[in-house]
Amino acid sequence: MQNKNKSVIIGGILVLLFAVVFIGCTRDTQVTHEAADRVYIAPGNYDEFYAFMSGGFSGQVSVYGLPSGRLFKEIPVFSVKPEDGYGFELETKDLLKTSFGHLPWDDTHHPALSLTNGVPDGRWLFINSNNTPRIARICLQTFKTMEIIEIPNSAGGHAAPYPTMNTEYLVSATRFSVPIPQADVPISTYKENFAGTLSFIRVNEEGNMDLDFQIVVPGYNYDLAGAGNGPSHGWVFFTSYNTEEAHTLLEVKASQFDKDFIAAVNWKRAQECIAQGQGEMKASEYYHNIRSSETFMTTSTRKTSTTSLDPGKCPGVMYFLPTPKSPHGVDVDPSGEYIVAGGKLATVIPVHSFSRMLDAIENEAFEDHVNGIPVLKYDATIAGEVRDPGLGPLHTEFDGRGYAYTSAYISSEVVKWELGTWQVVDRIPTYYSLGHIMVPGGNSMQPYGRYLVAMNKSSKDRYLPVGPKLPQGGQLIDISGDRMRLLLDFPLIGEPHYAQALPAEKLQPNAKRLYDLSQNRHPHAIRDVTDSRVVRDGNTVHVYMAAVRSHFAPDNIEGIHVGDEVYFHVTNIEEEWDIGHGFAIKGDINPNILLMPGETKSIVWKPQRPGIYPFYCTDFCSALHQEMQGYIRVSERGANVPLKYGTGERMVTAR
Ligand code: CUA
């Protein structure tokens, strides 16, 4: 009797469980199939968008496809990369040169596509480094870093490198205020001695950067920036926090005031003041490094002065807009009228109106002045406040259909709201601790508006665990309909602080396939295996080497001595797409170099012990890749072994 009851009960529970699991499964499966259809790119097909994500403390930029979330490439920028020799080989080493010497690492934050008429034009991607302030330019034909400029009188190049509407300028504002010029002073003299700078870096038609001027500003922390467009073209907006000017325990002391400031800068006015002689030349040391696409070599120039502008001496150049509270993002909508702030500690999202700001300036609706900079009245510039924006609103992007999307860090969600009515219309949770978001084109005048990528600081429990440090979590959200829909989770490299994306059709046709060997102007290039040779000059040996399927020329070298400095100048003389060769030698403290067709790279080796040293091709290039190798004989210092080299049977004595 008891047993019968038991089995009835157990049977009932099983039926119930089955029903729950089955119904649950059916619903989940439907959602998953629908989402999967949206992100699935069939083998051999292409993604719709290229997405570029900063790597944060990796120092690099990673390239993903959207909507698939597939990782294509990691572009080395501020960190060396043994994968291809970046920062080790002679051609790119000087890109990392600074006034502090060769720096092998930095912290990338905000990628920025070059703009023409406020729309990404697919020419270049710029990105800042936060630790030792610099801006890099990546060529979007080769996906290689071609230029890095150091920003002097700055510390924490965080509010960078946001471009103006036609990439006339990139900006870089200091996160940490410091004495300007640098000085050995007590930290407790912060309020007297510390200041910030807003730097304006000009970009010419070739993409080359040049520090035009710096505005010296009060000693706050400058966080992010956004350039005006359309009617607000000519202005750039910077958020600041720590207007309390604290120098210790900022988590408490920099959260005292109800409002901090957005700094609104009229850069056309700054140009006028400088043309009228208001700028002051100041001694400053910084490096500007440019890599040639013809010689592959980097030229480093040490610069020694900057033009500095005191905003108090240039009326009309700068205004402060009071903004609650410790704001992070400052984002201008596609119409150029609305300036949206993300106040980390604010209970609303404040939206300033550009036209109201101009009226307030005209009517001198000032509540105060700081260092001669007028502070506008909050009520005079505000267009509206978005209520219930989530906890910890950070950063806003736009879809071009009248809606804005704001990330909220503490409540881990994206909040969708309407421009003009300021009403929240939708919200979706993200997993977890959302930082920035990115809509392709969503910070430009032409948002593509179909997808939103959430860059989450934590991915706890979303993936198989890989030890204590988990990947940060990318999430793709469909924003094409009224309601947002989560489509995909994909893990990210490093810490993507921000991203940019543009339609594949804008880049794909321009992607470079190979370097034209006949245009190779590298000083140590060779064009044919018959040009390969070894030359001694004292203790320096130059090896001019060809790499071609499937051998190196020369592949036997004798007469290298301990104490020699051996330069390998390797040219890949292939002329076919995607046939790369690598070159690595046993015991070298440098990593391998990777050579694409038509490219020359150089690496220096200092052999430490006598013996036979193999070298080989590290990139699987052909069926006989494993045969692509050679030997170097190293003799004791002073040994009587003549320098010889060869490919095949015949060894040639070096001249
Ligand atoms: Cu060349 Cu492998």
# chains A, B, ... in the order shown; residues from 1 in each chain; ligands from 1
call {"tool": "residues_near_ligand", "arguments": {"ligand": "ligand 1", "cutoff": "7 Å", "atoms": "only C-alpha atoms and all ligand atoms", "output": "ChimeraX atom specification"}}
result
/A:547-551,580-582,617-622,625-626,628
call {"tool": "write_last_selection", "arguments": {"atoms": "N, CA, C and O atoms", "output": "mmCIF file, in the first residue's frame"}}
result
data_model
loop_
_atom_site.group_PDB
_atom_site.id
_atom_site.type_symbol
_atom_site.label_atom_id
_atom_site.label_comp_id
_atom_site.auth_asym_id
_atom_site.auth_seq_id
_atom_site.Cartn_x
_atom_site.Cartn_y
_atom_site.Cartn_z
ATOM 1 N N ALA A 547 63.385 34.860 -48.772
ATOM 2 C CA ALA A 547 62.519 33.760 -48.357
ATOM 3 C C ALA A 547 61.540 33.499 -49.495
ATOM 4 O O ALA A 547 60.852 34.422 -49.945
ATOM 5 N N VAL A 548 61.536 32.260 -49.994
ATOM 6 C CA VAL A 548 60.644 31.912 -51.087
ATOM 7 C C VAL A 548 60.369 30.418 -50.988
ATOM 8 O O VAL A 548 61.247 29.659 -50.565
ATOM 9 N N ARG A 549 59.141 30.004 -51.325
ATOM 10 C CA ARG A 549 58.803 28.584 -51.167
ATOM 11 C C ARG A 549 59.801 27.694 -51.881
ATOM 12 O O ARG A 549 59.995 27.857 -53.082
ATOM 13 N N SER A 550 60.449 26.770 -51.186
ATOM 14 C CA SER A 550 60.397 26.563 -49.739
ATOM 15 C C SER A 550 61.832 26.513 -49.230
ATOM 16 O O SER A 550 62.297 25.516 -48.727
ATOM 17 N N HIS A 551 62.530 27.644 -49.410
ATOM 18 C CA HIS A 551 63.875 27.732 -48.845
ATOM 19 C C HIS A 551 64.253 29.172 -48.535
ATOM 20 O O HIS A 551 63.583 30.112 -48.969
ATOM 21 N N GLY A 580 52.897 33.868 -46.543
ATOM 22 C CA GLY A 580 53.835 34.475 -45.601
ATOM 23 C C GLY A 580 54.942 33.497 -45.249
ATOM 24 O O GLY A 580 54.795 32.283 -45.415
ATOM 25 N N HIS A 581 56.069 34.041 -44.811
ATOM 26 C CA HIS A 581 57.129 33.227 -44.233
ATOM 27 C C HIS A 581 57.509 33.829 -42.891
ATOM 28 O O HIS A 581 57.414 35.034 -42.694
ATOM 29 N N GLY A 582 57.966 32.961 -41.995
ATOM 30 C CA GLY A 582 58.486 33.435 -40.713
ATOM 31 C C GLY A 582 59.970 33.157 -40.645
ATOM 32 O O GLY A 582 60.513 32.384 -41.453
ATOM 33 N N CYS A 617 61.559 28.484 -41.029
ATOM 34 C CA CYS A 617 60.349 29.250 -41.333
ATOM 35 C C CYS A 617 59.263 28.852 -40.341
ATOM 36 O O CYS A 617 58.982 27.673 -40.154
ATOM 37 N N THR A 618 58.672 29.864 -39.690
ATOM 38 C CA THR A 618 57.695 29.586 -38.628
ATOM 39 C C THR A 618 56.248 29.631 -39.124
ATOM 40 O O THR A 618 55.336 29.393 -38.344
ATOM 41 N N ASP A 619 56.046 29.982 -40.395
ATOM 42 C CA ASP A 619 54.678 30.127 -40.902
ATOM 43 C C ASP A 619 54.446 29.057 -41.970
ATOM 44 O O ASP A 619 55.155 29.024 -42.987
ATOM 45 N N PHE A 620 53.467 28.198 -41.763
ATOM 46 C CA PHE A 620 53.272 27.043 -42.645
ATOM 47 C C PHE A 620 52.922 27.513 -44.061
ATOM 48 O O PHE A 620 51.800 27.902 -44.356
ATOM 49 N N CYS A 621 53.918 27.464 -44.950
ATOM 50 C CA CYS A 621 53.790 28.161 -46.228
ATOM 51 C C CYS A 621 53.576 27.233 -47.417
ATOM 52 O O CYS A 621 53.150 27.685 -48.484
ATOM 53 N N SER A 622 53.900 25.951 -47.270
ATOM 54 C CA SER A 622 53.796 25.060 -48.426
ATOM 55 C C SER A 622 53.892 23.625 -47.922
ATOM 56 O O SER A 622 54.137 23.383 -46.742
ATOM 57 N N HIS A 625 57.068 23.179 -46.207
ATOM 58 C CA HIS A 625 57.362 24.175 -45.159
ATOM 59 C C HIS A 625 58.366 23.612 -44.158
ATOM 60 O O HIS A 625 59.281 24.303 -43.716
ATOM 61 N N GLN A 626 58.194 22.341 -43.823
ATOM 62 C CA GLN A 626 59.058 21.728 -42.805
ATOM 63 C C GLN A 626 60.502 21.629 -43.296
ATOM 64 O O GLN A 626 61.421 21.506 -42.502
ATOM 65 N N MET A 628 61.879 24.103 -44.955
ATOM 66 C CA MET A 628 62.356 25.488 -45.103
ATOM 67 C C MET A 628 63.162 25.856 -43.858
ATOM 68 O O MET A 628 62.635 26.337 -42.865
#
call {"tool": "select_by_dssp", "arguments": {"residues": "segment 162-362 of chain A", "states": "alpha helix (DSSP H)", "output": "tab-separated table (two decimals) with all heavy atoms, in the first residue's frame"}}
result
chain	number	residue	atom	x	y	z
A	190	TYR	N	48.37	70.24	-4.32
A	190	TYR	CA	47.58	69.96	-5.53
A	190	TYR	C	46.86	71.21	-6.05
A	190	TYR	O	46.98	71.59	-7.22
A	190	TYR	CB	46.56	68.85	-5.22
A	190	TYR	CG	45.78	68.34	-6.42
A	190	TYR	CD1	46.09	67.11	-7.00
A	190	TYR	CD2	44.73	69.06	-6.96
A	190	TYR	CE1	45.38	66.62	-8.09
A	190	TYR	CE2	44.01	68.59	-8.05
A	190	TYR	CZ	44.34	67.37	-8.61
A	190	TYR	OH	43.64	66.90	-9.69
A	191	LYS	N	46.09	71.86	-5.16
A	191	LYS	CA	45.24	72.96	-5.65
A	191	LYS	C	46.04	74.13	-6.21
A	191	LYS	O	45.58	74.81	-7.12
A	191	LYS	CB	44.30	73.44	-4.54
A	191	LYS	CG	43.18	72.43	-4.31
A	191	LYS	CD	42.10	72.94	-3.37
A	191	LYS	CE	41.06	71.83	-3.18
A	191	LYS	NZ	40.02	72.15	-2.24
A	192	GLU	N	47.23	74.35	-5.69
A	192	GLU	CA	48.05	75.46	-6.20
A	192	GLU	C	48.81	75.06	-7.46
A	192	GLU	O	49.00	75.86	-8.36
A	192	GLU	CB	49.09	75.92	-5.16
A	192	GLU	CG	48.53	76.43	-3.84
A	192	GLU	CD	48.45	75.32	-2.80
A	192	GLU	OE1	49.42	75.10	-2.06
A	192	GLU	OE2	47.40	74.63	-2.75
A	193	ASN	N	49.28	73.81	-7.50
A	193	ASN	CA	50.31	73.48	-8.49
A	193	ASN	C	49.88	72.54	-9.62
A	193	ASN	O	50.64	72.36	-10.57
A	193	ASN	CB	51.52	72.85	-7.79
A	193	ASN	CG	52.34	73.89	-7.03
A	193	ASN	OD1	52.44	75.03	-7.48
A	193	ASN	ND2	52.88	73.51	-5.89
A	250	LEU	N	39.99	59.40	-3.69
A	250	LEU	CA	39.04	60.05	-4.59
A	250	LEU	C	37.65	59.42	-4.52
A	250	LEU	O	36.65	60.09	-4.79
A	250	LEU	CB	39.57	60.03	-6.04
A	250	LEU	CG	40.31	61.30	-6.47
A	250	LEU	CD1	41.57	61.52	-5.66
A	250	LEU	CD2	40.62	61.27	-7.95
A	251	GLU	N	37.60	58.13	-4.17
A	251	GLU	CA	36.29	57.47	-4.15
A	251	GLU	C	35.32	58.17	-3.20
A	251	GLU	O	34.11	58.12	-3.40
A	251	GLU	CB	36.43	55.98	-3.80
A	251	GLU	CG	36.97	55.72	-2.43
A	251	GLU	CD	36.91	54.24	-2.04
A	251	GLU	OE1	36.05	53.53	-2.56
A	251	GLU	OE2	37.73	53.82	-1.21
A	252	VAL	N	35.87	58.82	-2.18
A	252	VAL	CA	35.04	59.60	-1.26
A	252	VAL	C	35.14	61.09	-1.58
A	252	VAL	O	34.15	61.77	-1.80
A	252	VAL	CB	35.47	59.35	0.20
A	252	VAL	CG1	34.63	60.19	1.15
A	252	VAL	CG2	35.39	57.88	0.54
A	253	LYS	N	36.37	61.54	-1.67
A	253	LYS	CA	36.59	62.99	-1.72
A	253	LYS	C	36.20	63.62	-3.06
A	253	LYS	O	35.95	64.81	-3.13
A	253	LYS	CB	38.05	63.31	-1.39
A	253	LYS	CG	38.41	63.02	0.07
A	253	LYS	CD	39.89	63.28	0.32
A	253	LYS	CE	40.31	62.84	1.71
A	253	LYS	NZ	40.05	63.85	2.75
A	267	TRP	N	36.94	75.11	-30.72
A	267	TRP	CA	38.33	75.03	-31.21
A	267	TRP	C	38.60	76.00	-32.36
A	267	TRP	O	39.75	76.38	-32.59
A	267	TRP	CB	38.73	73.60	-31.57
A	267	TRP	CG	37.87	72.83	-32.54
A	267	TRP	CD1	36.90	71.93	-32.22
A	267	TRP	CD2	37.91	72.87	-33.97
A	267	TRP	NE1	36.32	71.41	-33.35
A	267	TRP	CE2	36.93	71.96	-34.46
A	267	TRP	CE3	38.67	73.57	-34.91
A	267	TRP	CZ2	36.70	71.74	-35.82
A	267	TRP	CZ3	38.45	73.35	-36.27
A	267	TRP	CH2	37.47	72.45	-36.70
A	268	LYS	N	37.55	76.44	-33.04
A	268	LYS	CA	37.78	77.45	-34.08
A	268	LYS	C	38.19	78.78	-33.43
A	268	LYS	O	39.03	79.50	-33.95
A	268	LYS	CB	36.54	77.61	-34.95
A	268	LYS	CG	36.28	76.35	-35.78
A	268	LYS	CD	35.18	76.52	-36.80
A	268	LYS	CE	35.11	75.28	-37.69
A	268	LYS	NZ	33.95	75.29	-38.58
A	269	ARG	N	37.57	79.05	-32.27
A	269	ARG	CA	37.93	80.26	-31.51
A	269	ARG	C	39.38	80.13	-31.01
A	269	ARG	O	40.14	81.11	-31.04
A	269	ARG	CB	36.96	80.42	-30.34
A	269	ARG	CG	37.25	81.58	-29.42
A	269	ARG	CD	36.96	82.93	-30.05
A	269	ARG	NE	37.45	84.00	-29.18
A	269	ARG	CZ	38.21	85.01	-29.59
A	269	ARG	NH1	38.54	85.13	-30.86
A	269	ARG	NH2	38.61	85.93	-28.74
A	270	ALA	N	39.77	78.93	-30.57
A	270	ALA	CA	41.15	78.73	-30.11
A	270	ALA	C	42.13	79.03	-31.24
A	270	ALA	O	43.16	79.68	-31.04
A	270	ALA	CB	41.33	77.30	-29.60
A	271	GLN	N	41.79	78.57	-32.46
A	271	GLN	CA	42.65	78.85	-33.61
A	271	GLN	C	42.81	80.35	-33.84
A	271	GLN	O	43.90	80.84	-34.11
A	271	GLN	CB	42.07	78.20	-34.88
A	271	GLN	CG	42.19	76.68	-34.91
A	271	GLN	CD	41.52	76.08	-36.13
A	271	GLN	OE1	40.52	76.61	-36.63
A	271	GLN	NE2	42.05	74.97	-36.62
A	272	GLU	N	41.67	81.09	-33.69
A	272	GLU	CA	41.73	82.56	-33.87
A	272	GLU	C	42.67	83.19	-32.85
A	272	GLU	O	43.51	84.03	-33.20
A	272	GLU	CB	40.34	83.18	-33.67
A	272	GLU	CG	39.37	82.97	-34.83
A	272	GLU	CD	37.95	83.42	-34.45
A	272	GLU	OE1	37.75	84.06	-33.38
A	272	GLU	OE2	37.04	83.09	-35.23
A	273	CYS	N	42.50	82.79	-31.57
A	273	CYS	CA	43.33	83.39	-30.52
A	273	CYS	C	44.80	83.12	-30.77
A	273	CYS	O	45.65	83.99	-30.56
A	273	CYS	CB	42.91	82.85	-29.15
A	273	CYS	SG	41.35	83.53	-28.58
A	274	ILE	N	45.10	81.89	-31.23
A	274	ILE	CA	46.51	81.56	-31.48
A	274	ILE	C	47.03	82.36	-32.67
A	274	ILE	O	48.14	82.89	-32.64
A	274	ILE	CB	46.67	80.04	-31.66
A	274	ILE	CG1	46.46	79.36	-30.30
A	274	ILE	CG2	48.05	79.69	-32.21
A	274	ILE	CD1	46.22	77.89	-30.35
A	275	ALA	N	46.18	82.52	-33.70
A	275	ALA	CA	46.59	83.31	-34.87
A	275	ALA	C	46.84	84.76	-34.46
A	275	ALA	O	47.67	85.45	-35.06
A	275	ALA	CB	45.51	83.23	-35.95
A	354	PHE	N	22.59	72.12	-27.40
A	354	PHE	CA	23.63	72.98	-27.97
A	354	PHE	C	23.07	74.38	-28.26
A	354	PHE	O	23.71	75.39	-27.96
A	354	PHE	CB	24.21	72.37	-29.24
A	354	PHE	CG	25.25	73.23	-29.88
A	354	PHE	CD1	26.50	73.38	-29.29
A	354	PHE	CD2	24.97	73.94	-31.04
A	354	PHE	CE1	27.46	74.21	-29.86
A	354	PHE	CE2	25.93	74.77	-31.62
A	354	PHE	CZ	27.17	74.90	-31.03
A	355	SER	N	21.85	74.44	-28.81
A	355	SER	CA	21.31	75.77	-29.15
A	355	SER	C	21.01	76.57	-27.88
A	355	SER	O	21.25	77.78	-27.84
A	355	SER	CB	20.06	75.64	-30.04
A	355	SER	OG	19.13	74.77	-29.45
A	356	ARG	N	20.53	75.91	-26.83
A	356	ARG	CA	20.32	76.61	-25.56
A	356	ARG	C	21.65	77.08	-24.97
A	356	ARG	O	21.74	78.14	-24.36
A	356	ARG	CB	19.59	75.72	-24.55
A	356	ARG	CG	18.17	75.33	-24.95
A	356	ARG	CD	17.34	74.94	-23.73
A	356	ARG	NE	17.00	76.11	-22.94
A	356	ARG	CZ	16.78	76.09	-21.63
A	356	ARG	NH1	16.85	74.96	-20.95
A	356	ARG	NH2	16.49	77.20	-20.97
A	357	MET	N	22.69	76.26	-25.18
A	357	MET	CA	24.01	76.66	-24.68
A	357	MET	C	24.46	77.95	-25.36
A	357	MET	O	24.95	78.88	-24.70
A	357	MET	CB	25.03	75.54	-24.92
A	357	MET	CG	26.40	75.84	-24.33
A	357	MET	SD	27.68	74.71	-24.92
A	357	MET	CE	28.20	75.54	-26.42
A	358	LEU	N	24.27	78.03	-26.69
A	358	LEU	CA	24.66	79.26	-27.41
A	358	LEU	C	23.87	80.46	-26.90
A	358	LEU	O	24.43	81.54	-26.69
A	358	LEU	CB	24.46	79.08	-28.92
A	358	LEU	CG	25.39	78.11	-29.64
A	358	LEU	CD1	25.14	78.19	-31.15
A	358	LEU	CD2	26.86	78.38	-29.33
A	359	ASP	N	22.54	80.26	-26.66
A	359	ASP	CA	21.72	81.35	-26.12
A	359	ASP	C	22.23	81.78	-24.74
A	359	ASP	O	22.31	82.97	-24.45
A	359	ASP	CB	20.25	80.90	-25.99
A	359	ASP	CG	19.58	80.76	-27.35
A	359	ASP	OD1	20.16	81.24	-28.34
A	359	ASP	OD2	18.51	80.13	-27.41
A	360	ALA	N	22.55	80.80	-23.91
A	360	ALA	CA	23.02	81.10	-22.55
A	360	ALA	C	24.33	81.89	-22.60
A	360	ALA	O	24.54	82.81	-21.80
A	360	ALA	CB	23.21	79.80	-21.76
A	361	ILE	N	25.18	81.55	-23.56
A	361	ILE	CA	26.44	82.29	-23.71
A	361	ILE	C	26.13	83.72	-24.15
A	361	ILE	O	26.65	84.69	-23.59
A	361	ILE	CB	27.37	81.57	-24.73
A	361	ILE	CG1	27.84	80.24	-24.15
A	361	ILE	CG2	28.55	82.47	-25.10
A	361	ILE	CD1	28.55	79.33	-25.16
A	362	GLU	N	25.24	83.84	-25.12
A	362	GLU	CA	24.83	85.16	-25.64
A	362	GLU	C	24.26	86.03	-24.52
A	362	GLU	O	24.59	87.21	-24.41
A	362	GLU	CB	23.76	84.91	-26.73
A	362	GLU	CG	23.20	86.14	-27.39
A	362	GLU	CD	24.12	86.65	-28.49
A	362	GLU	OE1	24.82	85.81	-29.09
A	362	GLU	OE2	24.14	87.87	-28.72
call {"tool": "closest_atom_pairs", "arguments": {"of": "segment 263-347 of chain A", "to": "segment 397-410 of chain A", "cutoff": "12 Å", "atoms": "only C-alpha atoms", "output": "tab-separated table"}}
result
residue	atom	partner	partner_atom	distance
A:His328	CA	A:Ser407	CA	11.0
A:Gly329	CA	A:Thr406	CA	9.6
A:Val330	CA	A:Glu397	CA	9.9
A:Asp331	CA	A:Glu397	CA	7.1
A:Val332	CA	A:Glu397	CA	8.7
A:Asp333	CA	A:Phe398	CA	6.5
A:Pro334	CA	A:Gly400	CA	6.5
A:Ser335	CA	A:Gly400	CA	8.8
A:Gly336	CA	A:Phe398	CA	11.7
A:Tyr338	CA	A:Ala404	CA	10.8
A:Ile339	CA	A:Glu397	CA	11.2
A:Val340	CA	A:Ala404	CA	9.3
A:Ala341	CA	A:Thr406	CA	9.7
A:Gly342	CA	A:Thr406	CA	7.8
A:Gly343	CA	A:Ala408	CA	9.9
A:Lys344	CA	A:Tyr409	CA	8.2
A:Leu345	CA	A:Ile410	CA	10.0
A:Ala346	CA	A:Ala408	CA	11.0
A:Thr347	CA	A:Ala408	CA	11.1
call {"tool": "residues_around", "arguments": {"residues": "Ser255 of chain A", "least_positions_apart": "3", "cutoff": "10 Å", "atoms": "only C-alpha atoms", "output": "mmCIF file with all heavy atoms, in the first residue's frame"}}
result
data_model
loop_
_atom_site.group_PDB
_atom_site.id
_atom_site.type_symbol
_atom_site.label_atom_id
_atom_site.label_comp_id
_atom_site.auth_asym_id
_atom_site.auth_seq_id
_atom_site.Cartn_x
_atom_site.Cartn_y
_atom_site.Cartn_z
ATOM 1 N N TYR A 241 35.574 65.092 -13.751
ATOM 2 C CA TYR A 241 35.130 64.777 -12.385
ATOM 3 C C TYR A 241 36.250 65.245 -11.460
ATOM 4 O O TYR A 241 37.230 65.832 -11.916
ATOM 5 C CB TYR A 241 34.789 63.283 -12.230
ATOM 6 C CG TYR A 241 35.928 62.316 -12.466
ATOM 7 C CD1 TYR A 241 36.606 61.731 -11.399
ATOM 8 C CD2 TYR A 241 36.333 61.987 -13.758
ATOM 9 C CE1 TYR A 241 37.642 60.838 -11.613
ATOM 10 C CE2 TYR A 241 37.371 61.102 -13.978
ATOM 11 C CZ TYR A 241 38.029 60.534 -12.902
ATOM 12 O OH TYR A 241 39.053 59.666 -13.110
ATOM 13 N N ASN A 242 36.067 65.021 -10.168
ATOM 14 C CA ASN A 242 37.012 65.555 -9.191
ATOM 15 C C ASN A 242 37.186 67.063 -9.356
ATOM 16 O O ASN A 242 38.308 67.578 -9.299
ATOM 17 C CB ASN A 242 38.362 64.824 -9.271
ATOM 18 C CG ASN A 242 39.277 65.165 -8.088
ATOM 19 O OD1 ASN A 242 38.784 65.548 -7.018
ATOM 20 N ND2 ASN A 242 40.579 65.047 -8.275
ATOM 21 N N THR A 243 36.069 67.784 -9.532
ATOM 22 C CA THR A 243 36.162 69.250 -9.491
ATOM 23 C C THR A 243 36.428 69.690 -8.052
ATOM 24 O O THR A 243 36.706 70.850 -7.798
ATOM 25 C CB THR A 243 34.870 69.901 -10.020
ATOM 26 O OG1 THR A 243 33.749 69.279 -9.389
ATOM 27 C CG2 THR A 243 34.751 69.716 -11.523
ATOM 28 N N GLU A 244 36.338 68.695 -7.117
ATOM 29 C CA GLU A 244 36.728 68.956 -5.729
ATOM 30 C C GLU A 244 38.240 69.140 -5.610
ATOM 31 O O GLU A 244 38.731 69.629 -4.598
ATOM 32 C CB GLU A 244 36.301 67.778 -4.834
ATOM 33 C CG GLU A 244 34.786 67.569 -4.732
ATOM 34 C CD GLU A 244 34.207 66.704 -5.868
ATOM 35 O OE1 GLU A 244 34.921 66.431 -6.864
ATOM 36 O OE2 GLU A 244 33.036 66.307 -5.763
ATOM 37 N N ALA A 246 40.588 66.767 -5.257
ATOM 38 C CA ALA A 246 41.159 65.898 -4.229
ATOM 39 C C ALA A 246 42.384 65.193 -4.806
ATOM 40 O O ALA A 246 42.484 64.973 -6.011
ATOM 41 C CB ALA A 246 40.127 64.863 -3.795
ATOM 42 N N LEU A 250 39.993 59.398 -3.692
ATOM 43 C CA LEU A 250 39.038 60.053 -4.589
ATOM 44 C C LEU A 250 37.652 59.422 -4.519
ATOM 45 O O LEU A 250 36.650 60.088 -4.785
ATOM 46 C CB LEU A 250 39.567 60.028 -6.040
ATOM 47 C CG LEU A 250 40.310 61.295 -6.471
ATOM 48 C CD1 LEU A 250 41.566 61.519 -5.661
ATOM 49 C CD2 LEU A 250 40.625 61.267 -7.952
ATOM 50 N N GLU A 251 37.596 58.132 -4.169
ATOM 51 C CA GLU A 251 36.285 57.467 -4.155
ATOM 52 C C GLU A 251 35.324 58.171 -3.205
ATOM 53 O O GLU A 251 34.112 58.122 -3.396
ATOM 54 C CB GLU A 251 36.427 55.976 -3.798
ATOM 55 C CG GLU A 251 36.974 55.720 -2.425
ATOM 56 C CD GLU A 251 36.910 54.242 -2.039
ATOM 57 O OE1 GLU A 251 36.047 53.529 -2.565
ATOM 58 O OE2 GLU A 251 37.730 53.816 -1.209
ATOM 59 N N VAL A 252 35.869 58.825 -2.181
ATOM 60 C CA VAL A 252 35.035 59.601 -1.263
ATOM 61 C C VAL A 252 35.144 61.092 -1.576
ATOM 62 O O VAL A 252 34.152 61.774 -1.797
ATOM 63 C CB VAL A 252 35.472 59.351 0.204
ATOM 64 C CG1 VAL A 252 34.627 60.193 1.150
ATOM 65 C CG2 VAL A 252 35.393 57.878 0.538
ATOM 66 N N ASP A 258 27.484 67.977 -5.967
ATOM 67 C CA ASP A 258 26.339 67.430 -6.697
ATOM 68 C C ASP A 258 26.580 67.435 -8.201
ATOM 69 O O ASP A 258 26.044 66.623 -8.925
ATOM 70 C CB ASP A 258 25.082 68.272 -6.413
ATOM 71 C CG ASP A 258 24.492 67.914 -5.069
ATOM 72 O OD1 ASP A 258 24.829 66.828 -4.547
ATOM 73 O OD2 ASP A 258 23.722 68.721 -4.533
ATOM 74 N N LYS A 259 27.362 68.437 -8.613
ATOM 75 C CA LYS A 259 27.616 68.531 -10.047
ATOM 76 C C LYS A 259 29.100 68.737 -10.302
ATOM 77 O O LYS A 259 29.782 69.422 -9.551
ATOM 78 C CB LYS A 259 26.835 69.704 -10.658
ATOM 79 C CG LYS A 259 25.313 69.523 -10.635
ATOM 80 C CD LYS A 259 24.631 70.623 -11.426
ATOM 81 C CE LYS A 259 23.114 70.414 -11.471
ATOM 82 N NZ LYS A 259 22.455 70.635 -10.169
ATOM 83 N N ASP A 260 29.590 68.112 -11.385
ATOM 84 C CA ASP A 260 30.905 68.437 -11.919
ATOM 85 C C ASP A 260 30.655 69.204 -13.212
ATOM 86 O O ASP A 260 29.582 69.783 -13.376
ATOM 87 C CB ASP A 260 31.720 67.152 -12.118
ATOM 88 C CG ASP A 260 32.029 66.474 -10.780
ATOM 89 O OD1 ASP A 260 32.949 66.934 -10.100
ATOM 90 O OD2 ASP A 260 31.327 65.508 -10.415
ATOM 91 N N LYS A 325 26.691 63.584 -12.129
ATOM 92 C CA LYS A 325 27.558 63.773 -10.984
ATOM 93 C C LYS A 325 28.702 62.851 -11.246
ATOM 94 O O LYS A 325 28.462 61.674 -11.472
ATOM 95 C CB LYS A 325 26.789 63.402 -9.708
ATOM 96 C CG LYS A 325 27.625 63.458 -8.449
ATOM 97 C CD LYS A 325 26.821 63.150 -7.194
ATOM 98 C CE LYS A 325 27.794 63.368 -5.998
ATOM 99 N NZ LYS A 325 27.150 63.186 -4.702
ATOM 100 N N SER A 326 29.940 63.334 -11.281
ATOM 101 C CA SER A 326 31.101 62.556 -11.724
ATOM 102 C C SER A 326 30.830 61.929 -13.098
ATOM 103 O O SER A 326 30.873 60.703 -13.260
ATOM 104 C CB SER A 326 31.468 61.472 -10.706
ATOM 105 O OG SER A 326 31.838 62.065 -9.481
ATOM 106 N N LEU A 345 27.340 58.752 -10.827
ATOM 107 C CA LEU A 345 26.648 58.801 -9.542
ATOM 108 C C LEU A 345 25.348 59.589 -9.628
ATOM 109 O O LEU A 345 24.756 59.958 -8.621
ATOM 110 C CB LEU A 345 27.567 59.426 -8.479
ATOM 111 C CG LEU A 345 28.929 58.745 -8.316
ATOM 112 C CD1 LEU A 345 29.804 59.524 -7.343
ATOM 113 C CD2 LEU A 345 28.769 57.314 -7.820
#
call {"tool": "atom_distance", "arguments": {"atom1": "atom CA of Ala454 of chain A", "atom2": "atom CA of Glu34 of chain A"}}
result
19.8 Å
call {"tool": "closest_atom_pairs", "arguments": {"of": "segment 140-165 of chain A", "to": "segment 114-121 of chain A", "cutoff": "8 Å", "atoms": "only C-alpha atoms", "output": "Markdown table"}}
result
| residue | atom | partner | partner_atom | distance |
| --- | --- | --- | --- | --- |
| A:Pro163 | CA | A:Ser114 | CA | 6.8 |
| A:Thr164 | CA | A:Leu115 | CA | 7.5 |
| A:Met165 | CA | A:Gly118 | CA | 4.4 |
